[in-house]
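S.K.: Right, I'll just put the structure down here and ask away after.
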Amino acid sequence: MSATRSARKTMRPLRYLLLGMVALVAVAMGIAAALGIASVSQLPQVSELATFRPSSTTRIYDRNGELLAEFFQERRHIIPLGGMPRHLINAVLAAEDPRFYTHEGLDFRGIARALVADIRHGSMKQGGSTITQQLARVLFLSTERTLMRKLREALLAMLIERRYTKDEILWLYLNQIYLGSGAYGVEAAAQTYFSKNASALTLPEAALIAGLPQAPSAYTPFRNPARAVQRRNHVLRRMWAEGFLPEVTYKRAIQAPMQLAPRQAAGQSSTSAPFWVEMIRQYLESSYGAEAIYHTGLEVHTTLDLTFQRDAQKALRQGLRELDRRGRYRGVPTSEEVWLVNLRGRPGPPQPGDRLLARVREVRAQELDIEVEGQPGIVAAAELKWTGVKDFRLVVKPNDAVIVRLLADGDAASPSADGSHAPRLYALEQEPKAEGAVVAMETESGAVRAMVGGYDFARNQFNRAMQARRQPGSAFKPIIYAAAIERGATVVERILDTPVVYEDPRTHKVWKPRNFSNKFYGPISLREALEHSRNVATVKLLRKVGIGPVLQLAKNLGITSLLPPFLSLALGAGEVSLLELTSAYLTFANEGIRPEPYFLTRVVDHEGRVLEEHVPRVEPVMSKETAYLMAQLLRGVVLHGTGRNVRDLDLFLAGKTGTTNDFTDAWFIGFTPGLALGVWVGNDDNTPLGKGETGAQAALPVWRAFFVEYLKRGGPRRELKKPETILEVEIDQQTGLLPDPACGPTFVEVFRRGTAPERSCREAHPLSAGTYETEVLREERVVPDRN
């Protein structure tokens, strides 16, 4: 019996040798047959490789050349062979074709081995294909496993080898091969899996990528991390066996952990500016078509500053969360909210400030025992106080999910002897209901430097910075005051802030404008009226100036939305976008010259031709004196009025708050010389934000948070340029006339040359100072202007 087994063992190598010889003969005969029928088989012309161009990626860059996003049908980055690290090339050769530089397109030893294996298994499963054969198959043939397809593949490989050098073939292969997760070529794979260039890949990372061509779906580390590591280690072992690595390097490499980049959505790379990128994508598609974006590829340079963008996004999210905490606790999160919090998760252990999902373990009246990622935690009474809930046992129950934030002093103690951890300290959170938007623009050029269209693009893709039209409230008032100053008014001109009734002659409905405080302040200057946002005085100013000039100025300032031709315009009736209103303020900081806002600086096609390049468009829309006077009035809003919560910042800051009826919309639009920033906060369904949520309370904190970061980053401190025709004159604070020891306190005011007061404060009664000299202490009935 043993002799028989021995004989069988002796015969087995002989049998495989015979099978191998048969296989080789079959291959040779097949190739000969294929050569004989090449003319009638209509094989692809390998000369096409010289002009072959795979589908390319459209790349979006910020102003400093930082990559913002990519659009692709097949994510691909073409790089030269010299830009690939040697260990990456060696890993691919070891895994796919160790004798690549010695064969002429076919590796007969590998083919024989594969055919023997196929004969043993009774099917055509083994590859045995060289890199050149794989390239021929990928570019010219189907993936069907038939003898005829393999013969055609072999013939094409031989033809390719005759026409192109080894390095040319390898270069095309490494830029063309599919490596899973939408990535074609080694550079795209390096970006997809490790968020780095191929040139920066470590040996273990290169080996992981080199192991993917055989079965990209099976070995993708996103879906099958264990199999990916196993395959990686196989490639490393092949590199050692083929002499590409010393043993000590091989052993160290197989112990390396696998650290992947966050997974990206199909067809688009991840981005720090999703609302911006989507706006650019829509523009490119309407201008150049989807084919240009997803196939031929574009290089798009934009005005966005990624640093400003991140600061704006952080400020808005923090502001909306603080606003939400002034409301009420809405209970356990919905399934959509759970999904959003999970989506924002990042690799690694939780860090202070991270918002996380927690499982409730035990509920007490004013304390929650929770579990976060398997570790215990506590939400103490101090971090529940904001909710207003008296007894949390009525709101949540054990095993409910809640959203929490890890506190800065909440680090867990070291594990005890039994391996347990001390509970970490958390605050209870919820997803904000309110939405918001931020726009930052360069005042001199109109370049948009940041745009945030909402709290989270994953939650809602509606871009509130551009697409939403909302009532601006008092944030519209500066346009009325600018129209008045442009027509000769001075900043000390008096308006009577007294009761008034306006009647519509058609409907006979009456309108009684009121101030936010429900008080009246008598004769006040334009400065005081704007600084403290007095409604009645502004309505009277609009009536004096005329609605037509104000509407025309608004149009000149870039507001294209339809505005109502009524006196209610003084209180922000009508609807505008945040981008429109922010761009209108640019002129006040830019000597009366309005730059056209723009987003793109240059668009280049795949051949390097410039398709589009920004040409600055600027237009003077008001005098530089009016612009300077308005900037000083808006500076007063920050120093003395509704914007005073930012006056401590070491910058020249000017701006205006806006609040609509029932606290539905909150605004702050303002600028420093060089940069304008607009913030809007509100609910998409137009429900109130909450009592007291004014522009100063809900929007200004977002604005402030941005400029705090601006200062930390060394943002330039510039002063407003004063025209030579502007004078500074000391005046009496109460009357706006020249001072006198018999009058009250004084201050320095700005005037256009020739408009400063000439009379003394002793010469006029406060009620009759300035233009309006008729004392009105009763309600007056007038018909509003229709011009």
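Residue numbering restarts at 1 for every chain of the structure tokens, chains are lettered A, B, ... in their displayed order, and ligands are numbered from 1 as they appear.
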Give me, as a VMD selection string, all polymer residues having an atom no more than 8 Å from Glu161 of chain A, counting only C-alpha atoms and skipping those fewer than 5 positions away in the same chain.
M.R.: chain A and resid 104 to 105 132 166 169
S.K.: Set out as a tab-separated table a contact list for segment 560-638 of chain A and segment 719-734 of chain A with a cut-off of 7 Å, giving each residue of segment 560-638 of chain A that qualifies its closest atom pair and distance in Å to one decimal, counting only C-alpha atoms, ordered by chain and rising residue number.
M.R.:
residue	atom	partner	partner_atom	distance
A:Lys624	CA	A:Pro723	CA	6.9
A:Glu625	CA	A:Pro723	CA	6.5
A:Tyr628	CA	A:Lys722	CA	6.7
S.K.: Residues of the last selection are to be written out with N, CA, C and O atoms, as a PDB file, in the first residue's frame.
M.R.:
ATOM      1  N   LYS A 624     -17.115 109.544  -2.527  1.00  0.00           N
ATOM      2  CA  LYS A 624     -16.251 108.994  -1.492  1.00  0.00           C
ATOM      3  C   LYS A 624     -16.538 109.646  -0.139  1.00  0.00           C
ATOM      4  O   LYS A 624     -16.332 109.039   0.911  1.00  0.00           O
ATOM      5  N   GLU A 625     -17.055 110.902  -0.160  1.00  0.00           N
ATOM      6  CA  GLU A 625     -17.427 111.555   1.091  1.00  0.00           C
ATOM      7  C   GLU A 625     -18.626 110.865   1.738  1.00  0.00           C
ATOM      8  O   GLU A 625     -18.632 110.620   2.951  1.00  0.00           O
ATOM      9  N   TYR A 628     -17.490 107.564   3.217  1.00  0.00           N
ATOM     10  CA  TYR A 628     -16.736 107.733   4.466  1.00  0.00           C
ATOM     11  C   TYR A 628     -17.669 108.090   5.621  1.00  0.00           C
ATOM     12  O   TYR A 628     -17.539 107.555   6.733  1.00  0.00           O
TER      13      TYR A 628
END
S.K.: Write out as a ChimeraX atom specification each polymer residue whose atoms come within 7 Å of segment 181-185 of chain A, counting only C-alpha atoms; drop sequence neighbours fewer than 2 positions from it.
M.R.: /A:74-77,174-179,187-189,192,266
S.K.: One decimal, Å: what's the distance from atom CA of Leu634 of chain A over to atom CA of Glu493 of chain A, could you say?
M.R.: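 We find that atom CA of Leu634 of chain A and atom CA of Glu493 of chain A lie 16.1 Å from each other.
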S.K.: DSSP on the backbone: which residues in segment 261-464 of chain A end up as alpha helix (DSSP H)? Give the answer as a PyMOL selection string.
M.R.: chain A and resi 274-288+290-291+306-325+335-343
